[in-house]
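What follows is a single structure, written as structure tokens, with notes after it.
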Amino acid sequence: MHAIEKILAKAAGKKSVATGEIVNCKVDMAGINDLYLQTIRSFYEMGGKKVHDPKKIVVFLDHYAPASTIMQADNQKQFREFCWDQGIDLLMDVDQGVCHQIMADKGLVYPGQVLVITDSHTTIHGAFGAFGTGVGATDLAIIMVTGQLWFRIPEIIRINLEGTLSPGVYAKDVILKVIGSLGADYGVYRAVEFTGPVLKQLSISERMALCNMTTELGAKTAYIQPDEITLAFLKEKVIHDYEIFTTDPGYQYAAEHTFDVTGMTPQIAAPHSVDNVAPIAQFVGTPVNQAFLGTCTGGRTDDLAIAAKILAGKKINPHTRFIVVPASKNVLLEAMANGTMKTLVEAGATFVTPGCAACLGTHEGMLGAGETCITASSRNFPGRMGSTKANIYLGSPASVAAAALNGKIVDPTEYLK
């Protein structure tokens, strides 16, 4: 079996599972964000009175952090009251940041875990050797009532990354290249495992960016086999016991793809699809009204540091807004402590509350009709960050920072050699 199958087999109390099989699994941790008040409604509609295990539920007030409408404020009020009534101590209020980064910061994600959150980018937790997947309100309510959920064992795709990354080229560029090559629907209800020597060049932060964006392939989950880089992170953070699963020799993947990143240049996903990808050279000179750095895809400490390296001692273009959204409170505190925040603010950046911000198109950096944004976030669909008549380009944190500096898309590698 594959390591993912072993994780699900253990959670289902079975010795083995096979592709396509439907199993009921115990869920180690379930998370709800503030978009999904329906989860609470469904919990009560199912006859729920007390959640199955309050220690295994996390509530994140991250998408509307802080609330910018009466409806959002009321949603968050109901979530807080539900947590207090149910004895759910893991309430992550509007000061904490994006659900996925909080899970990592607080040591709540670990190898072998079955983690389910009402957020499609829960695939990000494959960076830790966990089975992470997103679900809707009804499925999450079932977990709150029973502690379990059904899964169909997915086909598993292997993406092997060979070669050496050039300076100024990052995990975001690699995953955009993969998505552009395979297509946005390639991974529907499939799992994606990353392997290959390039992983040794990637920090946990970069691995999180890789796994996060497998959602844009349609993937059910993602996976990176834990190694010494993972273990070093876990030693600092994780508060749970865990088991590391490995894939059996000779396991047959549903498909395998190899990408050689040697000589690869920064990549851009152009409007209005994540798989509309080409080398950045095709977009050099495109004016941008806003550069957006942050959230669960590109708002970690390393990402902000890359931007600070490019912008140190400089000023952003006067015709461009530079919005920075730390992925979590921890990231914000680290940026304050190491001087990154000061560097970026002096360059002209606007810091907003740790969380999702304009990534989901509700507040803190919305786009007007006819405006163009380059963002380190995950999606560029029409209306994703405001007006349906705005244009969104996806790139790495380096590409975002370089565009903020110049007021147009440029190749960031010259700033990072």
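By order of appearance in the structure tokens: chains A, B, ..., then residues from 1 within every chain, and ligands from 1 in the order shown.
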For this session: Give me every helix (DSSP H, G or I) residue in segment 42-291 of chain A, going by DSSP on the backbone, as an NGL selection string.
Result: :A and (42-45 or 54-56 or 70-86 or 99-105 or 120-128 or 137-146 or 171-182 or 197-201 or 204-217 or 228-237 or 280-282)
For the residues in the current selection, export C-alpha atoms as a tab-separated table (two decimals), in the first residue's frame.
chain	number	residue	atom	x	y	z
A	42	SER	CA	-26.53	21.06	10.32
A	43	PHE	CA	-25.14	19.73	13.61
A	44	TYR	CA	-28.38	20.60	15.38
A	45	GLU	CA	-30.55	19.49	12.43
A	54	PRO	CA	-14.41	18.87	21.72
A	55	LYS	CA	-10.63	18.36	21.89
A	56	LYS	CA	-10.65	17.29	18.24
A	70	ILE	CA	-22.98	42.91	10.33
A	71	MET	CA	-23.58	39.46	8.85
A	72	GLN	CA	-19.95	38.48	9.35
A	73	ALA	CA	-19.99	39.79	12.92
A	74	ASP	CA	-23.13	37.79	13.67
A	75	ASN	CA	-21.60	34.61	12.17
A	76	GLN	CA	-18.55	34.97	14.36
A	77	LYS	CA	-20.66	35.69	17.43
A	78	GLN	CA	-22.56	32.44	16.89
A	79	PHE	CA	-19.32	30.49	16.45
A	80	ARG	CA	-17.90	31.88	19.69
A	81	GLU	CA	-21.07	31.04	21.60
A	82	PHE	CA	-21.09	27.51	20.12
A	83	CYS	CA	-17.48	26.94	21.25
A	84	TRP	CA	-18.18	28.22	24.75
A	85	ASP	CA	-21.34	26.08	25.03
A	86	GLN	CA	-19.65	22.94	23.68
A	99	CYS	CA	-6.46	28.04	9.65
A	100	HIS	CA	-3.68	26.11	7.90
A	101	GLN	CA	-0.83	28.21	9.24
A	102	ILE	CA	-2.33	28.12	12.74
A	103	MET	CA	-2.36	24.31	12.61
A	104	ALA	CA	1.36	24.31	11.82
A	105	ASP	CA	2.28	27.08	14.28
A	120	SER	CA	-10.38	23.31	0.06
A	121	HIS	CA	-6.70	24.08	0.63
A	122	THR	CA	-6.45	21.57	3.48
A	123	THR	CA	-4.30	19.60	1.02
A	124	ILE	CA	-1.49	21.83	2.36
A	125	HIS	CA	-0.99	19.48	5.31
A	126	GLY	CA	0.49	16.80	3.10
A	127	ALA	CA	3.70	18.78	3.68
A	128	PHE	CA	3.76	17.15	7.13
A	137	ALA	CA	-20.66	21.98	6.08
A	138	THR	CA	-22.72	18.78	6.17
A	139	ASP	CA	-19.72	16.46	6.19
A	140	LEU	CA	-18.06	18.48	8.95
A	141	ALA	CA	-21.27	18.34	10.98
A	142	ILE	CA	-21.24	14.55	10.64
A	143	ILE	CA	-17.75	14.52	12.14
A	144	MET	CA	-18.92	16.71	15.03
A	145	VAL	CA	-21.74	14.26	15.74
A	146	THR	CA	-19.91	10.94	15.20
A	171	ALA	CA	7.97	26.28	-5.00
A	172	LYS	CA	5.14	28.52	-6.23
A	173	ASP	CA	6.79	28.64	-9.66
A	174	VAL	CA	7.19	24.86	-9.66
A	175	ILE	CA	3.58	24.12	-8.78
A	176	LEU	CA	2.29	26.65	-11.30
A	177	LYS	CA	4.36	24.87	-13.95
A	178	VAL	CA	2.87	21.53	-12.89
A	179	ILE	CA	-0.70	22.87	-12.93
A	180	GLY	CA	-0.17	24.53	-16.30
A	181	SER	CA	1.17	21.28	-17.74
A	182	LEU	CA	-1.40	18.88	-16.32
A	197	PRO	CA	15.70	15.53	-5.08
A	198	VAL	CA	14.17	19.01	-5.40
A	199	LEU	CA	12.34	18.43	-2.12
A	200	LYS	CA	15.68	18.52	-0.29
A	201	GLN	CA	16.00	22.11	-1.53
A	204	ILE	CA	8.63	23.30	5.22
A	205	SER	CA	7.24	26.67	4.13
A	206	GLU	CA	7.96	25.90	0.48
A	207	ARG	CA	6.59	22.37	0.79
A	208	MET	CA	3.39	23.86	2.18
A	209	ALA	CA	3.13	26.05	-0.92
A	210	LEU	CA	3.51	22.97	-3.15
A	211	CYS	CA	0.85	20.93	-1.36
A	212	ASN	CA	-1.49	23.89	-0.94
A	213	MET	CA	-1.81	24.43	-4.67
A	214	THR	CA	-2.62	20.80	-5.51
A	215	THR	CA	-6.18	21.92	-4.80
A	216	GLU	CA	-5.90	23.82	-8.09
A	217	LEU	CA	-5.32	20.47	-9.78
A	228	GLU	CA	14.85	15.05	8.16
A	229	ILE	CA	13.43	18.47	7.18
A	230	THR	CA	10.00	17.40	8.43
A	231	LEU	CA	11.41	15.91	11.60
A	232	ALA	CA	13.37	19.06	12.42
A	233	PHE	CA	10.14	21.05	12.18
A	234	LEU	CA	8.15	18.53	14.21
A	235	LYS	CA	10.75	18.55	16.97
A	236	GLU	CA	10.13	22.26	17.47
A	237	LYS	CA	6.35	22.27	17.14
A	280	ILE	CA	7.12	35.34	-16.63
A	281	ALA	CA	8.92	36.69	-19.71
A	282	GLN	CA	5.58	36.65	-21.55
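By chain and then residue number, the residues within 6 Å of Gly163 of chain A are Asp260, Val261 and Thr262 of chain A, counting only C-alpha atoms and disregarding those fewer than 4 positions away in sequence.
Taking atom CA of Val277 of chain A and atom CA of Cys359 of chain A as the two end points, the separation is 19.2 Å.
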Can you write out as a Markdown table which residues of segment 295-366 of chain A fall within 10 Å of segment 374-377 of chain A, alongside each residue's closest atom pair and its distance in Å to one decimal, counting only C-alpha atoms and ordering rows by chain and ascending residue number?
| residue | atom | partner | partner_atom | distance |
| --- | --- | --- | --- | --- |
| A:Thr295 | CA | A:Ser377 | CA | 6.4 |
| A:Cys296 | CA | A:Ser377 | CA | 7.4 |
| A:Thr297 | CA | A:Ser377 | CA | 5.2 |
| A:Gly298 | CA | A:Ala376 | CA | 5.2 |
| A:Gly299 | CA | A:Ala376 | CA | 7.9 |
| A:Asp303 | CA | A:Ala376 | CA | 9.1 |
| A:Phe322 | CA | A:Ile374 | CA | 9.8 |
| A:Ile323 | CA | A:Thr375 | CA | 9.4 |
| A:Cys356 | CA | A:Ser377 | CA | 9.3 |
| A:Ala358 | CA | A:Ser377 | CA | 9.5 |
| A:Cys359 | CA | A:Ser377 | CA | 6.5 |
| A:Leu360 | CA | A:Ser377 | CA | 9.7 |
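Here the question is which of A:Val51, A:Ile239, A:Ala191, A:Val98 gets nearest to Pro326 of chain A using only C-alpha atoms, and that residue is A:Val98.
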Problem set entry | Best match for closeness to Thr301 of chain A among A:Gly339, A:Pro266, A:Gly285, A:Gly313, counting only C-alpha atoms | A:Gly339
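Pairwise distance (atom CA of Gln96 of chain A, atom CA of Val400 of chain A) equals 24.1 Å.
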Exercise. Segment 13-217 of chain A: which residues are strand (DSSP E or B) by DSSP, as a PyMOL selection string?
Worked result: chain A and resi 22-26+29-33+57-60+91-92+97+114-117+131-134+148-152+155-162+190-195
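Residues in contact range of Glu334 of chain A, defined as at most 12 Å between only C-alpha atoms, with sequence neighbours fewer than 2 positions away removed, read Asp105, Arg300, Thr301, Asp302, Asp303, Leu304, Ala305, Pro326, Ala327, Ser328, Lys329, Asn330, Val331, Leu332, Met336, Ala337, Asn338, Gly339, Thr340, Met341 and Lys342 of chain A.
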Problem set entry | Top pick for closest residue to Gly395 of chain A, considering A:Cys25, A:Asn317, A:Thr350, A:Pro271 and counting only C-alpha atoms | A:Pro271
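Among the candidates A:Ala308, A:Ser273, A:Val17, A:Ile32, the residue lying nearest to Gly383 of chain A is A:Ser273 (atoms considered: only C-alpha atoms).
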